[in-house]
Every structure is written in C-alpha cells, then in structure tokens.
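Notes for the one structure printed next.
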Amino acid sequence: MNVPLTRQPHLHSAADMKELAARLQLEVEGEVLFDKVSRGRYATDASIYQIEPVGVLIPKSIDDVRAALSLCRQLGIPVLARGGGTSQCGQTVGAALVIDNSKYLNHIGDLDLDAMTVTVEPGTVLDHLNTWLKPHGVWFPVDVSTAAQCTLGGMTGNNSCGSRSIAYGNMVHNVHSIDALLSDGTEAIFGDKTQMRNPSPRITELVSRLYAIAEREREQIEIRVPSVMRRVGGYNLDIFHPQSPRPYTSDGGVNLAHMLVGSEGTLAYSKKITLKLAPLPANKTLGVVNFPTFYQAMDLTRHIVKLDPCAVELVDRTMIELARSNPAFKPVIDQALIGAPEAILLVEFAGESKAEQLRKLAELVELMGDLGLAGSVVEMSDVASQKALWEVRKAGLNIMMSMRGDGKPVSFIEDCAVPLEHLAEYTSKLTEVFQRHGTRGTWYAHASVGTLHVRPILDMRAGGAEKMRAIAQEASEMVRQYKGAFSGEHGDGLVRSEWVSWQFGPRLTKAFEEIKDIFDPDGLMNPGKIVRCGRMDDKSLFRYAPGYKTISFKPALDWSVWNVSNDPSTGTTTPPGTGGDPTHGFAKAVDMCNNNGHCRKFDAGTMCPSYRITRDEQHLTRGRANTLRLALSGQLGPDAFTSDEMRATLDLCVSCKGCKRDCPTGVDMAKMKVEFLYQWQGKYGLKLKDKLIATLPRWAPWAARFPFLFNLRDTLPGAAALSERYLGFSAKRSLPTWRDDTFLKQASATDAQTANVVLFVDTFNNYFESENAIAAYKVLQAAGYRVHIAGPSSTDANPKRPLCCGRTYLSAGMVDQAKQEARRVVEALQPFVSQGIPVVGLEPSCLLTLRDEFLVMGLGDDAQLLARNAFLFEEFLAHEHEAGRLNLKLRPLPEKRALLHGHCHQKAFDAVKPMQQVLALIPDLTTELIESSCCGMAGSFGYEANHYVASMQMAELSLLPAIRKAEPDTLLIADGTSCRHQISHGIGHGESNSHAVHVACVLARALV
Ligand SMILES: Cc1cc2nc3c(=O)[nH]c(=O)nc-3n(C[C@H](O)[C@H](O)[C@H](O)COP(=O)(O)OP(=O)(O)OC[C@H]3O[C@@H](n4cnc5c(N)ncnc54)[C@H](O)[C@@H]3O)c2cc1C
Ligand code: SF4
Ligand code: SF4
C-alpha cells in the first residue's frame, strides 16, 4: 500500500518544485528540506488535517525569507509562514513552501521601557520573551496556554488570546506595529499614522483602498461583526469602526498592524513585531468559587467579572475527578474544594497592591453570599498554592487528551464565544446537542470572556466528519442567536474558514476577498485560509481519513493496552488487544501524538533533549511520532518503517523517557525506539559496537577476571583512537574502568529465609562502582533491615552469572535476549515479592526497567507483582521514613550544601523527590536540585563517536553550567552511573566538583 501523502490537488508541477529546491539551495543560507520525510513532518499541526507541503525552508535571516518569497513569486508557488505549528484549525498546513521561523529568527531587541514596547523576530517563543523581560519588571501579557512553545509570529498570525485576556486583551490589543514583507517584495511598517510616515506608492494605494472598503462597508461592519472581545475570525475590518468592547488603540485611531493580526499569514509575512508591554503584577490572589451546579457557575460568571478580576477560569466536575484520580494532584485540588461541587471557577486578582486584592477577594466572598452561595469561596493568597492549582487545571486537560482508542476530542467548536448573559443556556444546550449525536465533551477555560473550551469526542475514521458538520451547524445557530463569535480564540484555518461567510455575511466576505487581493494579488500567501477556502469536512484533507490503514506486523513488546476501541458517548474503552490494530497496538500508541507541540518547550522538565540542542522537527518527539505514523500508514513508501530515514529520525533520541512523563498524551518514544530497533536489527543485524555494548552483562565476568587486559583501551597509547576508528567509540572519552573487586565477589552469603529486603545490584554498580552497592548494603543494615542480595534462582540455567535487568539489550533492540534476562530476574525474585518483601535497586535505568519494560514483555502476573515491589534505594528509605519505620541515625557531614542531578528515568517515574527526602535526614545539609534535562550520556549514547558532540551539547544545556557555578566544597549527587561519568568528563577529571556520588554513598558517610 502506498497512499499519496498529499490529498489536495497539486498547485504546481514537480519541475517547479525541483527548481525551487535547487535555487533555494543556491540562494539561501538556511536549511532547505524537500525530501519526502521532512515534508511529511511539516504536513500537520494540532488540527485534524494533513497536507504535504512543497518543501520547507528554515531561514537563517530575513534575507533568506526575501529570497524565498522572490523565488516562489517567480514560480507561482505559495508560501506558508510557521512558528511552533501549534494551531488547532489547520492554519499551518498547506501545499506551499513552509517557512519555519522558530529555529533562527528569534532575536529580541529595542526594549523601550518609556514607551513600554519591545521588538521581536517572528520565531521568538513567548516564554523566552517573558524570561528575557522579567529582570526589567515587565511582561508581554497575552498568556496563551502554549506559551512555552508558541511564537510571537504565530500568535500575531492567529490573534491569540490568553487566560488573562479580560484584563489585557488579545494580540490585536497588544501589537504596536509590524514590519512586514508582502508577496510582491514590498516591505513596509504597518502601525498607526506616526509609524507609517512616507509610505511607498504601493503602500499608499493599499492603505487608501483599505479605508475605502471600510467606509463602504461601515454599516455591514456594525451589523455583522460580533461585539465580543473574543472574536478572531475573518480579517479585522472593524479596526476602522471598532466593535470590540476593548478599544484597539489608546487614542481611538486606526493602527494598520491590526489588519495583519489574525490574518493567519494570508496577507503578509511579519519580519518584526513590536509589542506593547505591561508591568509585571507584583501580587496575585485567587478565590476558588465552588458551585453546586454547572449551570450556576455559568450563570453567575457575569456577576463575578464585575469585580474586575484578571482571570475567571472554569474547571468542571469531570476535570475535578480526573485531577483527584492523580495522587500528585489530589491534595492540591482537594484544598480548593468545598464538598463535591459540580464546577469551580478560579477567580484571580492581580496588581501592585496586595491589600487591594485582598479587598477584592473579600468582595467576591460577599458577592457569592448575596447570590445565595455563602461559604462557597476558598481563599488562596499564597503564591505556591495558587501556582499548584493552575497546574492542576492544565493537567486535567492533558488527561482528557490522553484518551485511548480512535475516538479523540476534536477541536472545531472549541472556542465559540458568547456574551456572558447567555453562557449558561449556551453550554447546557450544546451539551444536549452532543448527547443527541452520541458524544460528549468536557468544559473548561475562559469563562470570564465567554469562551469555554469543549471538544466533542469523534472518530474521524468512522462517521466523525458527518457528526462534526452536524454539531457545528447546531452550535452555529446558537452562536447566531446569542450574537456571539464562532471563532473566539483559535482562528479560521481549514476548519472554520467556511464559517467566515456565515459569520460576516456575503458583503463582508467579498470585502475580505478584496483585502486579500490588495495585499497579495497573486494569492501566494497561505491560500485557502480565511477566504476562498474549502469545506471543513473535506475528508481528503484529514490526517485520519476514513479507510486509514496501517501495515501489519507482530511487535516484540506488548502494546495491547493501546489496542482498544472507545465509546465516545461514555468514554469507556474495550479490553486491551481488542482495537483491531494490525500492529497490535503499536500504531495506536504512535497515534496518541496529537501534534500539540508541548515537546518543543525547553525551559523545564526533561522532554526533549535532542530538540533542545538541535531545534529540529526531526529530532523532536512530535517529529518522530509523525514520521512513525506516516511510515506505518504506508505514506512514505514501502519498508519506510525500517528505512534509513526512520533510523536517522530516532538517532538522537536518547531514550530519556522525558516524553513518557511530560507529553500530555503519554507518547513514550523510548519504548517505541526499542520496538523500532528490534525490527531494524531483525532486518539488518547489529554493528560490532552495538553487540559489544548489548552483551556486556554476558562478558563482564571475564572482564572482571582480567581487568588489566580489558582496560588497555584507555591505558595503551593509540588504543582509544583505534577503538574509534574500528568500533565507533569516541576516543575523546575514557570508558568505565574494569576492576576485580566487584560487589558480588566481596559480598558474603545472605540468608534468603530471614530477609526482609532484597538488594538488586545491577551490572554497573557490581562491576564498575561496587562502593555504591557496599554503601547501600551498609545503610540498610544500619537501619536494621535483614538484607538479601539478589541472585539467580536455583533453577536458573546460568546460576553463576549475576542477574541483569536487560537494559543494555533493550538499548540495541535485542528484545528477545532482554526478555531472557527479565525472565531470570522475575523467577529469582518471585519468592520474595510474593511475600511482599521489597526489592531495592541502585541504578535508576536498571531498577526502573523492572517497573516499566518488564510489564510489556509478556511475563505475566509475576512481573506485575515484582513491579509493585521494586523500589529505588531512596524511594524505599523515604517510604519507610514516611511510614515511621526508618531507624537511621545520621550525623552532619563536613559539606553543608549538596547539588542534585536527577537521572531522566528517575524524573520520568517521579522518583527524584525521594532523593531529596532522604538527604533531608542528614543534619545541616541543604540540597538544591539542578533544573536539568538529560545529562546527554544516556547509557552508551555519549560514548559513541557519532554522538559525542550531541552528548556534550545536552550536558552543556544546564547541567554542567550549574555545576561550574557551584561552590568548590559542594557535594555533587547523581544516582545514574552515566550521569556521574558525564559530569566527571564534562567538568574535567580531577577538577573540583567533577566527582558526583550516589545517594547511598552520602548516607553511608553520614552514618553515626
Ligand atoms: C493545547 C493547546 C492549547 C492552546 N491554547 C491556546 C490559548 O490559550 N490561546 C490561544 O489563543 N491559542 C491557543 N492555542 C492555539 C495556538 O497554540 C496559538 O494560536 C499559538 O499562538 C500559535 O503559535 P505558533 O507559533 O504555534 O503558530 P503557528 O501555528 O505556527 O502559526 C499560526 C499562524 O500564524 C502564521 N504565521 C506564523 N508566523 C508568521 C509570520 N512570520 N508572518 C505571518 N504569519 C505568520 C501562520 O501561517 C499561521 O497561520 C492552543 C493550541 C494547543 C494545541
Ligand atoms: S509528542 Fe506529545 S507533546 Fe509532542 S506533540 Fe505529540 S502529543 Fe504533543
Ligand atoms: S525519549 Fe527523550 S530524547 Fe527520545 S523523544 Fe522522548 S524526550 Fe526526546
């Protein structure tokens, strides 16, 4: 099967496309990507659509953009500007040359604190801008949920709106001027009269024609443009005769930059955007209003907004329950609840004066009393509780998005805006509409401005298109009845451009077409959006069209939990393995990526280190998931799943599991890479280097017998260089040193019968760093535990070979061998875990394999039991301490400060906190956690010559700089063996602060 990727008619010939690629290569400095796989990665955004672009340009400068535009003009090829590609309506998919601004065009400059403005290039990410602005006491206040990844160019293109829009307005209220490039090569600054002095004849004519249209259509503008603040559909023709309740300009004049805001890249390319800034609010306070019915929450919002809050955000019962089902969020949400409300509203007040906010909070309490809801407000004035509750609101949405099966929450009426007096009726009627169409939706978000988000669950492969149209039709009738806006936040794109004429009528639609032609006479800028568009339910443009199929194969791992069907009306799923997926769940796991772009963030969390260093879509979780999806569905040609391109796409994935934790829908690329490598090596076999690494646990006993011989690689001059040349190990690094004093050799026999803890010592801590295992053993004994050291079961075929979790085999895709190792471990530990005796391990990547990959190897209930009883050393101690059972006497250490680096797998399993908890038991020791992603070593990754540079770049992102800044006598703690090696190598052997230690060694030193 080979489904063509582009289902839209081609607007240009293959020869033109080839010529464009060739000439771009010659004329631009940036990256030119015209291969099928790269184009596939740019064929989607966070919408339901997919269109293959002509090619992709990642410009290094505005000169590159100028050159590209000129070439496209000559060849008649459309152009599509793109930022983070997080649009929900299909704005950034099209058969055009996609210009991705996000990698290089991200400079910030011209901060003017008197005028309160700053100028940015279009690829600047909002959070980066606000981090840059923070020391100046100002911020850009359009705080969209995608702040960590969306760009100012994209926000301007979409007229984006944040949670606090009631206080600050939308983009259109906050853009000062735009330095733009038109498709005919004209360049001009669009702004107010003072900024548009001495325009060229082309611009003078353009401006006068715009004024003429506005004058001609004045009456239509007044009749047709809804008078709500959240209206982002169509072009902003009402800047000439404002309909927004919030003025567009302070002096009531026209600012022509606002015509480009929300134009979705269809009128001009924004080279630079000057933004209006706001003072950073010194204080915030939050009141959480609890409602007995959802209807009341909606009905009373209009009274609450009169108190002048800066945000009023809804969380409904479904989301409350989702949050309560998560152990981390339960205590936070519970703090905000009074009884069992059907909905809560988060009402935020912000500003300079704390006293003023507290007064407002008191007024809120009084108001709710007057409205018959006395005692319904939880007052939260401390910053930490407020922050935690906002996080819960975001997480609830993420859990909703992680629904398994082909039915997914679909965004197409997600942001209709209605005047507040109709909000209650609108939401309850729309809920009935969903029920009539056999589906349901969860309500959340911006109650303050009448823009509630809701996504009905639809299966676009089966009947989704029909239901989408029917629901949109009914929703639109209500929006009209309430004089609201059909598009109140997310724009038009492909899903809503056809509703522009519905909303604005034939005259204004015609006027919009005229505006398009004035700016872009050849129709080159992002055609098919806002004007002259197709139908929202054109199935040929769906990412998952009816008849969507995948190749079939038998995976090595068990993916059956993803292989389910779901019922849109109840949200229930069928049992694992029943979803009819020809890849037994693997393809459906890949399909969990909905392109929301959350993996493009880089200031917090772990995901995704390879993107952080490259800023390439190819090296991003989303790019990888898209490539897998296209390959599995045959859209990249035969055998694409095991192609070189697929391998290259996964090459820099360090299997950190950052995505497993941070991706809102739980895309677990590390596991997917194991599956891919299994299929790959089944076809092509393994290189000698990979075999050597994978089989290390097998030959390690020999190396420990003759360490001198096995260490020659790092002691014999020239041997490291040879190992690089013939095996691919980087000569820049030394390898871990073999020694004969392994832990298991030193350990004396333990009594399995009386044990109440089992110590599982992995290959690395046994052979290379036995002091860690010795320390752990001592600490456990000092705390009074009877420790048994895990060893093979009496029936094991290799009773002398130490147990191994199989991690090295998994890293090479040798899943069959990994399963053999796992089976040995499960068999050996079954007698203990069946009695509830905990198994404690030291190396995060090894121990956590017992809790993760062991469960997808078909090892049955015993593996489940083991997973429930397997703990990291510090998890076990922290748990015992919490239960009041830990009897560990510790004394102060000479060092008073410790810097911690969490292993990625510890972070993925939320197991960093226990490190801090147990270190807190040492008197007088202050610990600080390094906000780091992956250290970059990632098992063998950093030892490989072809990955050395990437590995060091990852380390230099935050880990090594944080260590260099530390005082010389700081205690460095890292539980991962790779992390410790990376720190030692990156800081320099023997330098101060180059030696990191396992938490077990620190505790052992502190034993009384
Ligand atoms: C989970 C989720 C939550 C979201 N929450 C919000 C929210 O709270 N509020 C909100 O408003 N939106 C929200 N969105 C939608 C989206 O994130 C925003 O609209 C965001 O601002 C888009 O930024 P981007 O960089 O991804 O732009 P893109 O999607 O890349 O582009 C957006 C538009 O701008 C155009 N464009 C980009 N650069 C230029 C340029 N240089 N010149 C001309 N045109 C250009 C593009 O052609 C496109 O039409 C959300 C989306 C998701 C997936
Ligand atoms: S991988 Fe996850 S975070 Fe990234 S785009 Fe896909 S769903 Fe979003
Ligand atoms: S495992 Fe790590 S490197 Fe790989 S895609 Fe996920 S976050 Fe990125």
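Ordered as shown in the structure tokens, chains take letters A, B, and onward, while each chain numbers its residues from 1 and ligands are numbered from 1 in the order shown.
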Closest-contact table, chain A side, partner ligand 2, 9 Å, counting only C-alpha atoms and all ligand atoms, as JSON lines:
```
{"residue": "A:Asp45", "atom": "CA", "partner": "ligand 2", "partner_atom_place_in_ligand_line": "5 (S)", "distance": 8.8}
{"residue": "A:Ala46", "atom": "CA", "partner": "ligand 2", "partner_atom_place_in_ligand_line": "5 (S)", "distance": 7.9}
{"residue": "A:Thr86", "atom": "CA", "partner": "ligand 2", "partner_atom_place_in_ligand_line": "5 (S)", "distance": 8.5}
{"residue": "A:Met401", "atom": "CA", "partner": "ligand 2", "partner_atom_place_in_ligand_line": "7 (S)", "distance": 8.7}
{"residue": "A:Ser402", "atom": "CA", "partner": "ligand 2", "partner_atom_place_in_ligand_line": "7 (S)", "distance": 8.6}
{"residue": "A:Val590", "atom": "CA", "partner": "ligand 2", "partner_atom_place_in_ligand_line": "1 (S)", "distance": 8.8}
{"residue": "A:Asp591", "atom": "CA", "partner": "ligand 2", "partner_atom_place_in_ligand_line": "6 (Fe)", "distance": 8.7}
{"residue": "A:Met592", "atom": "CA", "partner": "ligand 2", "partner_atom_place_in_ligand_line": "7 (S)", "distance": 6.3}
{"residue": "A:Cys593", "atom": "CA", "partner": "ligand 2", "partner_atom_place_in_ligand_line": "6 (Fe)", "distance": 3.6}
{"residue": "A:Asn594", "atom": "CA", "partner": "ligand 2", "partner_atom_place_in_ligand_line": "7 (S)", "distance": 4.7}
{"residue": "A:Asn595", "atom": "CA", "partner": "ligand 2", "partner_atom_place_in_ligand_line": "5 (S)", "distance": 3.7}
{"residue": "A:Asn596", "atom": "CA", "partner": "ligand 2", "partner_atom_place_in_ligand_line": "8 (Fe)", "distance": 4.2}
{"residue": "A:Gly597", "atom": "CA", "partner": "ligand 2", "partner_atom_place_in_ligand_line": "5 (S)", "distance": 3.8}
{"residue": "A:His598", "atom": "CA", "partner": "ligand 2", "partner_atom_place_in_ligand_line": "3 (S)", "distance": 4.0}
{"residue": "A:Cys599", "atom": "CA", "partner": "ligand 2", "partner_atom_place_in_ligand_line": "4 (Fe)", "distance": 4.2}
{"residue": "A:Arg600", "atom": "CA", "partner": "ligand 2", "partner_atom_place_in_ligand_line": "4 (Fe)", "distance": 7.1}
{"residue": "A:Lys601", "atom": "CA", "partner": "ligand 2", "partner_atom_place_in_ligand_line": "3 (S)", "distance": 9.0}
{"residue": "A:Met607", "atom": "CA", "partner": "ligand 2", "partner_atom_place_in_ligand_line": "3 (S)", "distance": 8.3}
{"residue": "A:Cys608", "atom": "CA", "partner": "ligand 2", "partner_atom_place_in_ligand_line": "4 (Fe)", "distance": 8.8}
{"residue": "A:Leu620", "atom": "CA", "partner": "ligand 2", "partner_atom_place_in_ligand_line": "4 (Fe)", "distance": 7.4}
{"residue": "A:Thr621", "atom": "CA", "partner": "ligand 2", "partner_atom_place_in_ligand_line": "1 (S)", "distance": 4.6}
{"residue": "A:Arg622", "atom": "CA", "partner": "ligand 2", "partner_atom_place_in_ligand_line": "1 (S)", "distance": 4.1}
{"residue": "A:Gly623", "atom": "CA", "partner": "ligand 2", "partner_atom_place_in_ligand_line": "1 (S)", "distance": 7.8}
{"residue": "A:Arg624", "atom": "CA", "partner": "ligand 2", "partner_atom_place_in_ligand_line": "1 (S)", "distance": 7.9}
{"residue": "A:Ala625", "atom": "CA", "partner": "ligand 2", "partner_atom_place_in_ligand_line": "1 (S)", "distance": 6.4}
{"residue": "A:Asn626", "atom": "CA", "partner": "ligand 2", "partner_atom_place_in_ligand_line": "6 (Fe)", "distance": 8.2}
{"residue": "A:Cys659", "atom": "CA", "partner": "ligand 2", "partner_atom_place_in_ligand_line": "2 (Fe)", "distance": 6.6}
{"residue": "A:Lys660", "atom": "CA", "partner": "ligand 2", "partner_atom_place_in_ligand_line": "2 (Fe)", "distance": 8.5}
{"residue": "A:Asp662", "atom": "CA", "partner": "ligand 2", "partner_atom_place_in_ligand_line": "3 (S)", "distance": 7.0}
{"residue": "A:Cys663", "atom": "CA", "partner": "ligand 2", "partner_atom_place_in_ligand_line": "3 (S)", "distance": 4.0}
{"residue": "A:Pro664", "atom": "CA", "partner": "ligand 2", "partner_atom_place_in_ligand_line": "3 (S)", "distance": 5.7}
{"residue": "A:Thr665", "atom": "CA", "partner": "ligand 2", "partner_atom_place_in_ligand_line": "7 (S)", "distance": 5.3}
{"residue": "A:Gly666", "atom": "CA", "partner": "ligand 2", "partner_atom_place_in_ligand_line": "2 (Fe)", "distance": 6.4}
{"residue": "A:Val667", "atom": "CA", "partner": "ligand 2", "partner_atom_place_in_ligand_line": "2 (Fe)", "distance": 5.4}
{"residue": "A:Asp668", "atom": "CA", "partner": "ligand 2", "partner_atom_place_in_ligand_line": "1 (S)", "distance": 8.2}
{"residue": "A:Met669", "atom": "CA", "partner": "ligand 2", "partner_atom_place_in_ligand_line": "1 (S)", "distance": 8.1}
```
| If you count only C-alpha atoms and all ligand atoms, which residues end up within 6 Å of ligand 1, as number ranges by chain? | A: 46, 80-88, 91-92, 122, 144-146, 150-151, 153-155, 157-158, 160-162, 264-265, 268-271, 489-490, 596
Residues of the last selection are to be written out with C-alpha atoms, as a CSV table (one decimal), in the first residue's frame.
```csv
chain,number,residue,atom,x,y,z
A,46,ALA,CA,-2.5,20.5,16.1
A,80,LEU,CA,3.3,29.4,4.4
A,81,ALA,CA,4.9,31.0,7.4
A,82,ARG,CA,5.1,28.8,10.5
A,83,GLY,CA,6.1,29.2,14.1
A,84,GLY,CA,5.6,26.3,16.6
A,85,GLY,CA,2.9,24.8,14.4
A,86,THR,CA,0.5,24.6,17.3
A,87,SER,CA,-2.5,25.9,15.5
A,88,GLN,CA,-5.7,23.9,16.1
A,91,GLN,CA,-3.7,27.3,9.7
A,92,THR,CA,-0.2,25.9,9.2
A,122,PRO,CA,8.6,36.2,14.5
A,144,VAL,CA,-1.7,31.6,25.9
A,145,SER,CA,-1.6,28.0,27.2
A,146,THR,CA,1.1,27.1,24.7
A,150,CYS,CA,4.3,29.2,20.6
A,151,THR,CA,6.0,32.0,18.7
A,153,GLY,CA,4.8,35.4,14.8
A,154,GLY,CA,2.2,32.6,15.2
A,155,MET,CA,0.4,34.4,18.0
A,157,GLY,CA,-0.9,35.4,12.9
A,158,ASN,CA,-3.7,33.8,15.0
A,160,SER,CA,-4.1,34.6,20.1
A,161,CYS,CA,-5.7,35.2,23.5
A,162,GLY,CA,-4.6,34.3,26.9
A,264,GLU,CA,-3.0,33.7,9.5
A,265,GLY,CA,-0.2,34.6,7.2
A,268,ALA,CA,1.9,39.4,4.6
A,269,TYR,CA,4.9,37.9,6.3
A,270,SER,CA,5.8,39.5,9.6
A,271,LYS,CA,9.5,40.2,9.8
A,489,GLU,CA,-9.7,32.1,20.1
A,490,HIS,CA,-8.2,29.6,17.7
A,596,ASN,CA,0.1,19.9,20.2
```
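The closest residue to Gly936 in chain A, picked from A:His998, A:Thr606, A:Gly369, A:Asn290 and counting only C-alpha atoms, is A:Thr606.
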| field | Neighbour list for Gly55 in chain A as an NGL selection string, cut-off 12 Å, only C-alpha atoms, skip fewer than 5 positions in-chain | value | :A and (12 or 14 or 16-22 or 24-25 or 31-43 or 68 or 72 or 77-80 or 93-100)
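Here CA of Ala511 in chain A is placed at a distance of 11.5 Å from CA of Tyr211 in chain A.
Comparing A:Gln618, A:Gln781, A:Thr431, A:Ser552 by their smallest distance to ligand 3, the closest is A:Gln618 (using only C-alpha atoms and all ligand atoms).
For the atom pair formed by CA of Leu677 in chain A and CA of Asp651 in chain A, the distance is 10.3 Å, given to one decimal.
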| field | Selection near Thr970 in chain A, 8 Å with only C-alpha atoms, sequence-local residues under 5 positions removed, as a list of chain:residue names | value | A:Glu895, A:Lys896, A:Arg897, A:Ala898, A:Leu899, A:Asn993
With N, CA, C and O atoms retained, could you export that selection as a tab-separated table (two decimals), in the first residue's frame?
```
chain	number	residue	atom	x	y	z
A	895	GLU	N	30.51	18.74	54.43
A	895	GLU	CA	29.88	19.59	53.41
A	895	GLU	C	28.49	19.99	53.89
A	895	GLU	O	27.76	19.17	54.45
A	896	LYS	N	28.14	21.24	53.64
A	896	LYS	CA	26.83	21.70	54.10
A	896	LYS	C	25.84	21.88	52.96
A	896	LYS	O	24.67	22.11	53.18
A	897	ARG	N	26.37	21.83	51.72
A	897	ARG	CA	25.48	22.05	50.58
A	897	ARG	C	25.60	20.90	49.60
A	897	ARG	O	26.70	20.43	49.32
A	898	ALA	N	24.48	20.46	49.06
A	898	ALA	CA	24.52	19.40	48.05
A	898	ALA	C	23.73	19.84	46.83
A	898	ALA	O	22.69	20.47	46.95
A	899	LEU	N	24.31	19.49	45.69
A	899	LEU	CA	23.64	19.80	44.42
A	899	LEU	C	23.21	18.46	43.82
A	899	LEU	O	24.04	17.56	43.67
A	993	ASN	N	34.63	19.66	42.05
A	993	ASN	CA	33.25	19.40	41.62
A	993	ASN	C	33.14	18.54	40.37
A	993	ASN	O	32.22	18.70	39.58
```
| DSSP on the backbone: what in range 43-277 of chain A comes out strand (DSSP E), as a PyMOL selection string? | chain A and resi 55-58+79-82+97-100+108-112+117-120+138-139+175-181+187-190+269-276
| said: Can you tell me which residues surround Phe294 in chain A at a distance of at most 9 Å, considering only C-alpha atoms, apart from same-chain residues fewer than 5 positions away, and format the answer as number ranges by chain? | reply: A: 299, 316-317, 341-344, 424, 428
| Within 8 Å of Leu126 in chain A using only C-alpha atoms, minus same-chain residues under 3 positions, as a PyMOL selection string | chain A and resi 129-130+140+147-152
For the selection just defined, write its residues with N, CA and C atoms to a file, as a CSV table (one decimal), in the first residue's frame.
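Done, and the output landed in selection_28.csv:
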```csv
chain,number,residue,atom,x,y,z
A,129,LEU,N,10.6,35.2,25.6
A,129,LEU,CA,10.5,36.7,25.7
A,129,LEU,C,10.2,37.1,27.1
A,130,ASN,N,9.3,36.4,27.8
A,130,ASN,CA,8.9,36.9,29.1
A,130,ASN,C,10.1,36.6,30.1
A,140,PHE,N,5.0,40.5,28.5
A,140,PHE,CA,4.0,40.6,27.4
A,140,PHE,C,2.9,39.7,27.9
A,147,ALA,N,2.3,28.9,25.9
A,147,ALA,CA,3.4,29.9,26.0
A,147,ALA,C,4.8,29.3,25.9
A,148,ALA,N,5.0,28.1,26.3
A,148,ALA,CA,6.4,27.5,26.2
A,148,ALA,C,6.8,27.2,24.8
A,149,GLN,N,5.9,27.1,23.9
A,149,GLN,CA,6.4,26.7,22.5
A,149,GLN,C,5.8,27.6,21.4
A,150,CYS,N,4.8,28.4,21.7
A,150,CYS,CA,4.3,29.2,20.6
A,150,CYS,C,5.1,30.4,20.3
A,151,THR,N,5.1,30.9,19.1
A,151,THR,CA,6.0,32.0,18.7
A,151,THR,C,5.2,33.3,18.6
A,152,LEU,N,5.8,34.4,18.7
A,152,LEU,CA,5.1,35.7,18.6
A,152,LEU,C,4.6,35.9,17.2
```
| Contacts of range 883-886 of chain A at 9 Å (only C-alpha atoms; same-chain gap of 3+ positions) as a ChimeraX atom specification | /A:783-784,877-880
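The gap separating CA of Asn101 in chain A from CA of Leu26 in chain A is 19.5 Å, in Å to one decimal.
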